[in-house]
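Engineer: Data file query_17.cif (mmCIF, N, CA and C atoms and all ligand atoms) is appended below.
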```
data_final
loop_
_atom_site.label_atom_id
_atom_site.label_comp_id
_atom_site.auth_asym_id
_atom_site.auth_seq_id
_atom_site.Cartn_x
_atom_site.Cartn_y
_atom_site.Cartn_z
N MET A 376 -39.00 -2.56 -67.95
CA MET A 376 -37.73 -2.23 -68.61
C MET A 376 -36.92 -3.50 -68.82
N SER A 377 -36.54 -3.74 -70.03
CA SER A 377 -35.75 -4.94 -70.28
C SER A 377 -34.25 -4.64 -70.09
N ILE A 378 -33.53 -5.68 -69.79
CA ILE A 378 -32.11 -5.54 -69.53
C ILE A 378 -31.33 -5.91 -70.78
N SER A 379 -30.43 -5.06 -71.19
CA SER A 379 -29.68 -5.33 -72.41
C SER A 379 -28.59 -6.37 -72.18
N GLU A 380 -28.16 -6.99 -73.26
CA GLU A 380 -27.09 -7.99 -73.16
C GLU A 380 -25.82 -7.35 -72.60
N ALA A 381 -25.60 -6.09 -72.96
CA ALA A 381 -24.40 -5.39 -72.48
C ALA A 381 -24.44 -5.24 -70.96
N GLN A 382 -25.63 -4.93 -70.44
CA GLN A 382 -25.77 -4.80 -68.99
C GLN A 382 -25.58 -6.14 -68.31
N LYS A 383 -26.13 -7.19 -68.92
CA LYS A 383 -25.97 -8.53 -68.35
C LYS A 383 -24.50 -8.91 -68.28
N ALA A 384 -23.80 -8.61 -69.37
CA ALA A 384 -22.37 -8.93 -69.42
C ALA A 384 -21.62 -8.15 -68.35
N GLU A 385 -22.02 -6.92 -68.14
CA GLU A 385 -21.35 -6.09 -67.15
C GLU A 385 -21.59 -6.63 -65.74
N VAL A 386 -22.82 -7.06 -65.49
CA VAL A 386 -23.15 -7.64 -64.18
C VAL A 386 -22.34 -8.92 -63.96
N ALA A 387 -22.29 -9.77 -64.98
CA ALA A 387 -21.55 -11.02 -64.86
C ALA A 387 -20.08 -10.74 -64.60
N TYR A 388 -19.55 -9.75 -65.31
CA TYR A 388 -18.14 -9.39 -65.17
C TYR A 388 -17.86 -8.84 -63.77
N TYR A 389 -18.82 -8.07 -63.27
CA TYR A 389 -18.69 -7.44 -61.95
C TYR A 389 -18.58 -8.49 -60.85
N PHE A 390 -19.36 -9.56 -60.98
CA PHE A 390 -19.41 -10.55 -59.90
C PHE A 390 -18.39 -11.67 -60.06
N GLU A 391 -18.21 -12.16 -61.27
CA GLU A 391 -17.39 -13.36 -61.43
C GLU A 391 -15.96 -13.11 -60.93
N GLY A 392 -15.48 -14.00 -60.06
CA GLY A 392 -14.14 -13.86 -59.52
C GLY A 392 -14.02 -12.79 -58.47
N SER A 393 -15.15 -12.37 -57.90
CA SER A 393 -15.12 -11.36 -56.85
C SER A 393 -15.94 -11.84 -55.67
N CYS A 394 -15.91 -11.10 -54.58
CA CYS A 394 -16.80 -11.42 -53.45
C CYS A 394 -17.75 -10.26 -53.23
N ASN A 395 -18.13 -9.56 -54.30
CA ASN A 395 -19.07 -8.46 -54.20
C ASN A 395 -20.44 -8.97 -53.74
N SER A 396 -21.15 -8.14 -53.04
CA SER A 396 -22.49 -8.53 -52.62
C SER A 396 -23.52 -7.90 -53.55
N VAL A 397 -24.67 -8.54 -53.66
CA VAL A 397 -25.74 -8.01 -54.50
C VAL A 397 -26.17 -6.63 -54.00
N ASP A 398 -26.15 -6.46 -52.68
CA ASP A 398 -26.52 -5.18 -52.09
C ASP A 398 -25.61 -4.05 -52.57
N ALA A 399 -24.31 -4.34 -52.65
CA ALA A 399 -23.35 -3.32 -53.06
C ALA A 399 -23.62 -2.91 -54.50
N PHE A 400 -23.99 -3.87 -55.31
CA PHE A 400 -24.24 -3.58 -56.71
C PHE A 400 -25.43 -2.65 -56.86
N GLU A 401 -26.38 -2.80 -55.96
CA GLU A 401 -27.59 -1.99 -56.01
C GLU A 401 -27.25 -0.50 -55.91
N ASP A 402 -26.13 -0.19 -55.24
CA ASP A 402 -25.74 1.20 -55.05
C ASP A 402 -25.00 1.78 -56.24
N ASP A 403 -24.71 0.95 -57.25
CA ASP A 403 -24.00 1.43 -58.42
C ASP A 403 -24.96 2.22 -59.30
N PRO A 404 -24.75 3.52 -59.43
CA PRO A 404 -25.69 4.35 -60.17
C PRO A 404 -25.65 4.11 -61.69
N ASP A 405 -24.58 3.47 -62.16
CA ASP A 405 -24.46 3.24 -63.60
C ASP A 405 -25.43 2.19 -64.10
N ILE A 406 -25.75 1.24 -63.23
CA ILE A 406 -26.65 0.17 -63.63
C ILE A 406 -27.76 0.03 -62.60
N PRO A 407 -28.87 0.70 -62.85
CA PRO A 407 -29.97 0.67 -61.88
C PRO A 407 -30.79 -0.61 -61.99
N LEU A 408 -30.35 -1.62 -61.26
CA LEU A 408 -31.07 -2.90 -61.27
C LEU A 408 -31.47 -3.28 -59.86
N THR A 409 -32.55 -4.01 -59.73
CA THR A 409 -32.97 -4.48 -58.41
C THR A 409 -32.23 -5.77 -58.07
N ASP A 410 -32.28 -6.13 -56.79
CA ASP A 410 -31.67 -7.39 -56.34
C ASP A 410 -32.14 -8.56 -57.19
N ASP A 411 -33.45 -8.61 -57.42
CA ASP A 411 -34.03 -9.73 -58.16
C ASP A 411 -33.49 -9.79 -59.58
N GLN A 412 -33.36 -8.62 -60.20
CA GLN A 412 -32.83 -8.60 -61.57
C GLN A 412 -31.39 -9.08 -61.61
N VAL A 413 -30.61 -8.64 -60.64
CA VAL A 413 -29.21 -9.07 -60.57
C VAL A 413 -29.14 -10.58 -60.37
N THR A 414 -29.97 -11.09 -59.47
CA THR A 414 -29.99 -12.52 -59.20
C THR A 414 -30.36 -13.31 -60.46
N ASP A 415 -31.35 -12.81 -61.19
CA ASP A 415 -31.77 -13.48 -62.43
C ASP A 415 -30.64 -13.51 -63.45
N ILE A 416 -29.93 -12.39 -63.57
CA ILE A 416 -28.83 -12.32 -64.54
C ILE A 416 -27.74 -13.32 -64.17
N LEU A 417 -27.42 -13.39 -62.88
CA LEU A 417 -26.38 -14.32 -62.43
C LEU A 417 -26.79 -15.76 -62.71
N LEU A 418 -28.07 -16.06 -62.52
CA LEU A 418 -28.57 -17.40 -62.82
C LEU A 418 -28.41 -17.69 -64.30
N GLU A 419 -28.81 -16.71 -65.12
CA GLU A 419 -28.75 -16.89 -66.57
C GLU A 419 -27.31 -17.08 -67.02
N LYS A 420 -26.39 -16.35 -66.39
CA LYS A 420 -24.97 -16.43 -66.75
C LYS A 420 -24.26 -17.59 -66.04
N GLU A 421 -25.05 -18.35 -65.24
CA GLU A 421 -24.52 -19.52 -64.52
C GLU A 421 -23.40 -19.15 -63.57
N ILE A 422 -23.61 -18.05 -62.86
CA ILE A 422 -22.63 -17.63 -61.85
C ILE A 422 -23.27 -17.79 -60.48
N GLU A 423 -22.57 -18.51 -59.61
CA GLU A 423 -23.09 -18.76 -58.27
C GLU A 423 -22.06 -18.41 -57.22
N MET A 424 -22.56 -18.17 -56.00
CA MET A 424 -21.65 -17.86 -54.91
C MET A 424 -21.22 -19.14 -54.20
N CYS A 425 -19.93 -19.25 -53.95
CA CYS A 425 -19.41 -20.38 -53.19
C CYS A 425 -19.88 -20.27 -51.75
N SER A 426 -20.43 -21.36 -51.22
CA SER A 426 -20.94 -21.33 -49.83
C SER A 426 -19.80 -21.21 -48.83
N GLY A 427 -18.60 -21.62 -49.24
CA GLY A 427 -17.48 -21.62 -48.32
C GLY A 427 -16.84 -20.25 -48.15
N CYS A 428 -16.47 -19.63 -49.26
CA CYS A 428 -15.69 -18.38 -49.17
C CYS A 428 -16.47 -17.14 -49.63
N GLY A 429 -17.66 -17.34 -50.20
CA GLY A 429 -18.48 -16.21 -50.60
C GLY A 429 -18.07 -15.56 -51.91
N TRP A 430 -17.18 -16.20 -52.67
CA TRP A 430 -16.79 -15.67 -53.97
C TRP A 430 -17.74 -16.15 -55.05
N TRP A 431 -17.95 -15.27 -56.05
CA TRP A 431 -18.82 -15.62 -57.18
C TRP A 431 -17.97 -16.28 -58.26
N LEU A 432 -18.43 -17.44 -58.71
CA LEU A 432 -17.69 -18.16 -59.74
C LEU A 432 -18.65 -18.79 -60.72
N HIS A 433 -18.13 -19.09 -61.91
CA HIS A 433 -18.95 -19.78 -62.90
C HIS A 433 -19.24 -21.20 -62.42
N GLN A 434 -20.42 -21.70 -62.77
CA GLN A 434 -20.82 -23.03 -62.31
C GLN A 434 -19.80 -24.10 -62.67
N ALA A 435 -19.06 -23.89 -63.74
CA ALA A 435 -18.06 -24.86 -64.16
C ALA A 435 -16.96 -25.01 -63.11
N ASP A 436 -16.76 -23.96 -62.29
CA ASP A 436 -15.72 -23.98 -61.26
C ASP A 436 -16.27 -24.36 -59.89
N LEU A 437 -17.56 -24.67 -59.85
CA LEU A 437 -18.21 -24.99 -58.58
C LEU A 437 -18.74 -26.41 -58.61
N GLU A 438 -18.84 -26.99 -57.42
CA GLU A 438 -19.38 -28.33 -57.33
C GLU A 438 -20.20 -28.44 -56.05
N GLU A 439 -21.32 -29.15 -56.14
CA GLU A 439 -22.15 -29.29 -54.95
C GLU A 439 -21.64 -30.44 -54.09
N VAL A 440 -21.36 -30.11 -52.83
CA VAL A 440 -20.89 -31.12 -51.87
C VAL A 440 -21.78 -31.05 -50.64
N ASP A 441 -22.48 -32.14 -50.36
CA ASP A 441 -23.38 -32.20 -49.19
C ASP A 441 -24.34 -31.01 -49.16
N GLY A 442 -24.91 -30.67 -50.30
CA GLY A 442 -25.92 -29.60 -50.35
C GLY A 442 -25.33 -28.20 -50.41
N GLU A 443 -24.00 -28.08 -50.36
CA GLU A 443 -23.37 -26.77 -50.44
C GLU A 443 -22.62 -26.63 -51.76
N VAL A 444 -22.69 -25.45 -52.34
CA VAL A 444 -21.96 -25.18 -53.57
C VAL A 444 -20.58 -24.65 -53.20
N LEU A 445 -19.55 -25.39 -53.59
CA LEU A 445 -18.20 -25.02 -53.18
C LEU A 445 -17.25 -24.89 -54.37
N CYS A 446 -16.31 -23.96 -54.27
CA CYS A 446 -15.29 -23.80 -55.30
C CYS A 446 -14.16 -24.81 -55.08
N THR A 447 -13.24 -24.86 -56.00
CA THR A 447 -12.15 -25.83 -55.93
C THR A 447 -11.35 -25.68 -54.63
N ASP A 448 -11.01 -24.43 -54.28
CA ASP A 448 -10.22 -24.18 -53.08
C ASP A 448 -10.92 -24.69 -51.82
N CYS A 449 -12.21 -24.40 -51.72
CA CYS A 449 -12.95 -24.80 -50.52
C CYS A 449 -13.10 -26.31 -50.47
N ARG A 450 -13.26 -26.95 -51.64
CA ARG A 450 -13.35 -28.41 -51.64
C ARG A 450 -12.03 -29.02 -51.16
N GLU A 451 -10.93 -28.42 -51.58
CA GLU A 451 -9.62 -28.91 -51.14
C GLU A 451 -9.47 -28.74 -49.64
N ASP A 452 -9.93 -27.60 -49.12
CA ASP A 452 -9.87 -27.37 -47.67
C ASP A 452 -10.63 -28.45 -46.93
N GLU A 453 -11.84 -28.77 -47.45
CA GLU A 453 -12.66 -29.78 -46.78
C GLU A 453 -11.97 -31.13 -46.79
N GLU A 454 -11.31 -31.45 -47.92
CA GLU A 454 -10.63 -32.73 -48.01
C GLU A 454 -9.47 -32.79 -47.01
N GLU A 455 -8.78 -31.66 -46.85
CA GLU A 455 -7.66 -31.63 -45.89
C GLU A 455 -8.16 -31.87 -44.47
N VAL A 456 -9.29 -31.25 -44.15
CA VAL A 456 -9.85 -31.42 -42.81
C VAL A 456 -10.24 -32.88 -42.59
N ALA A 457 -10.77 -33.49 -43.64
CA ALA A 457 -11.25 -34.85 -43.51
C ALA A 457 -10.11 -35.86 -43.31
N GLU A 458 -8.94 -35.49 -43.73
CA GLU A 458 -7.83 -36.45 -43.64
C GLU A 458 -7.29 -36.65 -42.22
ZN ZN B 1 -14.91 -21.16 -52.00
#
```
Kindly transcribe the structure held in the file into structure tokens.
Structural biologist:
Amino acid sequence: MSISEAQKAEVAYYFEGSCNSVDAFEDDPDIPLTDDQVTDILLEKEIEMCSGCGWWLHQADLEEVDGEVLCTDCREDEEEVAE
């Protein structure tokens, strides 16, 4: 079964700017997708989870620091700690 662009957009919308888990999405009866499918869609839409706070954000808002993908807020927190 192929995934429509509308479903992909809905998945991206569901996660971006939220801290939803992939597991929770699996329980949504409106969009019957597997974990792997959801993960693939997020990759395609360039949405990743911040390692610091667990929120999903577009890659443009994330930056890799010491092997961890962090959002702007978490990077600022790290800088404050370092000072
Ligand atoms: Zn963060």
Engineer: Which value, in Å to one decimal, gives the distance between atom C of Gly427 in chain A and CA of Glu443 in chain A?
Structural biologist: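 Here the two named atoms are 9.5 Å from each other.
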Engineer: Show me which residues sit within 8 Å of ligand ZN 1 (chain B) when counting only C-alpha atoms and all ligand atoms, and put them as a list in words.
Structural biologist: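 Sorted by chain and then by number, the residues are Cys425, Ser426, Gly427, Cys428, Gly429, Trp430, Leu445, Cys446, Thr447, Asp448, Cys449 and Arg450 of chain A.
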Engineer: How many Å lie between atom N of Leu417 in chain A and CA of Ser379 in chain A, rounded to one decimal?
Structural biologist: 12.7 Å
Engineer: Around (-23.9, -22.6, -61.2) in the file's own coordinates, what residues are found within 7 Å if you use only N, CA and C atoms, given back as a short mmCIF file (atom, residue, chain, number, x, y, z; two decimals) with N, CA and C atoms, in the frame of the given file?
Structural biologist:
```cif
data_model
loop_
_atom_site.label_atom_id
_atom_site.label_comp_id
_atom_site.auth_asym_id
_atom_site.auth_seq_id
_atom_site.Cartn_x
_atom_site.Cartn_y
_atom_site.Cartn_z
N LYS A 420 -26.39 -16.35 -66.39
CA LYS A 420 -24.97 -16.43 -66.75
C LYS A 420 -24.26 -17.59 -66.04
N GLU A 421 -25.05 -18.35 -65.24
CA GLU A 421 -24.52 -19.52 -64.52
C GLU A 421 -23.40 -19.15 -63.57
N ILE A 422 -23.61 -18.05 -62.86
CA ILE A 422 -22.63 -17.63 -61.85
C ILE A 422 -23.27 -17.79 -60.48
N GLU A 423 -22.57 -18.51 -59.61
CA GLU A 423 -23.09 -18.76 -58.27
C GLU A 423 -22.06 -18.41 -57.22
N MET A 424 -22.56 -18.17 -56.00
CA MET A 424 -21.65 -17.86 -54.91
C MET A 424 -21.22 -19.14 -54.20
N LEU A 432 -18.43 -17.44 -58.71
CA LEU A 432 -17.69 -18.16 -59.74
C LEU A 432 -18.65 -18.79 -60.72
N HIS A 433 -18.13 -19.09 -61.91
CA HIS A 433 -18.95 -19.78 -62.90
C HIS A 433 -19.24 -21.20 -62.42
N GLN A 434 -20.42 -21.70 -62.77
CA GLN A 434 -20.82 -23.03 -62.31
C GLN A 434 -19.80 -24.10 -62.67
N ALA A 435 -19.06 -23.89 -63.74
CA ALA A 435 -18.06 -24.86 -64.16
C ALA A 435 -16.96 -25.01 -63.11
N LEU A 437 -17.56 -24.67 -59.85
CA LEU A 437 -18.21 -24.99 -58.58
C LEU A 437 -18.74 -26.41 -58.61
#
```
Engineer: Would you please give, as a ChimeraX atom specification, all residues of chain A that DSSP assigns to alpha helix (DSSP H) based on the backbone?
Structural biologist: /A:380-390,397-401,410-419,447-457
Engineer: If DSSP is run on the backbone, what residues of range 379-438 of chain A are strand (DSSP E or B)? A reply as a VMD selection string would be ideal.
Structural biologist: chain A and resid 422 to 424 431 to 433 437 to 438
Engineer: Enclose the full set of atoms of range 406-425 of chain A listed in the file within a box whose edges lie along x, y and z, apply 8 Å of padding to each of the six sides, and report centre and edge lengths in Å to one decimal as JSON.
Structural biologist:
```
{"center_x": -26.7, "center_y": -9.6, "center_z": -59.4, "size_x": 30.6, "size_y": 37.6, "size_z": 31.3}
```
Engineer: Could you list, as a PyMOL selection string, every residue within 8 Å of Val397 in chain A, counting all atoms listed in the file and ignoring same-chain residues fewer than 5 positions away?
Structural biologist: chain A and resi 402+409-410+413-414
Engineer: Record the distance separating CA of Glu453 in chain A and atom C of Trp431 in chain A, expressed in Å with one decimal.
Structural biologist: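 Calculated distance between CA of Glu453 in chain A and atom C of Trp431 in chain A is 18.5 Å.
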Engineer: Which is closer to Pro407 in chain A than all the others in A:Cys394, A:Glu454, A:Ser377, A:Val444, using only C-alpha atoms?
Structural biologist: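 Result for the nearest residue to Pro407 in chain A: A:Ser377.
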Engineer: Which polymer residues have any atom within 12 Å of an atom of Ile406 in chain A, counting only C-alpha atoms, with same-chain residues fewer than 2 positions away left out, as a short mmCIF file (atom, residue, chain, number, x, y, z; two decimals) with N, CA and C atoms, in the frame of the given file?
Structural biologist:
```
data_model
loop_
_atom_site.label_atom_id
_atom_site.label_comp_id
_atom_site.auth_asym_id
_atom_site.auth_seq_id
_atom_site.Cartn_x
_atom_site.Cartn_y
_atom_site.Cartn_z
N ILE A 378 -33.53 -5.68 -69.79
CA ILE A 378 -32.11 -5.54 -69.53
C ILE A 378 -31.33 -5.91 -70.78
N SER A 379 -30.43 -5.06 -71.19
CA SER A 379 -29.68 -5.33 -72.41
C SER A 379 -28.59 -6.37 -72.18
N ALA A 381 -25.60 -6.09 -72.96
CA ALA A 381 -24.40 -5.39 -72.48
C ALA A 381 -24.44 -5.24 -70.96
N GLN A 382 -25.63 -4.93 -70.44
CA GLN A 382 -25.77 -4.80 -68.99
C GLN A 382 -25.58 -6.14 -68.31
N LYS A 383 -26.13 -7.19 -68.92
CA LYS A 383 -25.97 -8.53 -68.35
C LYS A 383 -24.50 -8.91 -68.28
N ALA A 384 -23.80 -8.61 -69.37
CA ALA A 384 -22.37 -8.93 -69.42
C ALA A 384 -21.62 -8.15 -68.35
N GLU A 385 -22.02 -6.92 -68.14
CA GLU A 385 -21.35 -6.09 -67.15
C GLU A 385 -21.59 -6.63 -65.74
N VAL A 386 -22.82 -7.06 -65.49
CA VAL A 386 -23.15 -7.64 -64.18
C VAL A 386 -22.34 -8.92 -63.96
N TYR A 389 -18.82 -8.07 -63.27
CA TYR A 389 -18.69 -7.44 -61.95
C TYR A 389 -18.58 -8.49 -60.85
N ALA A 399 -24.31 -4.34 -52.65
CA ALA A 399 -23.35 -3.32 -53.06
C ALA A 399 -23.62 -2.91 -54.50
N PHE A 400 -23.99 -3.87 -55.31
CA PHE A 400 -24.24 -3.58 -56.71
C PHE A 400 -25.43 -2.65 -56.86
N GLU A 401 -26.38 -2.80 -55.96
CA GLU A 401 -27.59 -1.99 -56.01
C GLU A 401 -27.25 -0.50 -55.91
N ASP A 402 -26.13 -0.19 -55.24
CA ASP A 402 -25.74 1.20 -55.05
C ASP A 402 -25.00 1.78 -56.24
N ASP A 403 -24.71 0.95 -57.25
CA ASP A 403 -24.00 1.43 -58.42
C ASP A 403 -24.96 2.22 -59.30
N PRO A 404 -24.75 3.52 -59.43
CA PRO A 404 -25.69 4.35 -60.17
C PRO A 404 -25.65 4.11 -61.69
N LEU A 408 -30.35 -1.62 -61.26
CA LEU A 408 -31.07 -2.90 -61.27
C LEU A 408 -31.47 -3.28 -59.86
N THR A 409 -32.55 -4.01 -59.73
CA THR A 409 -32.97 -4.48 -58.41
C THR A 409 -32.23 -5.77 -58.07
N ASP A 410 -32.28 -6.13 -56.79
CA ASP A 410 -31.67 -7.39 -56.34
C ASP A 410 -32.14 -8.56 -57.19
N GLN A 412 -33.36 -8.62 -60.20
CA GLN A 412 -32.83 -8.60 -61.57
C GLN A 412 -31.39 -9.08 -61.61
N VAL A 413 -30.61 -8.64 -60.64
CA VAL A 413 -29.21 -9.07 -60.57
C VAL A 413 -29.14 -10.58 -60.37
#
```
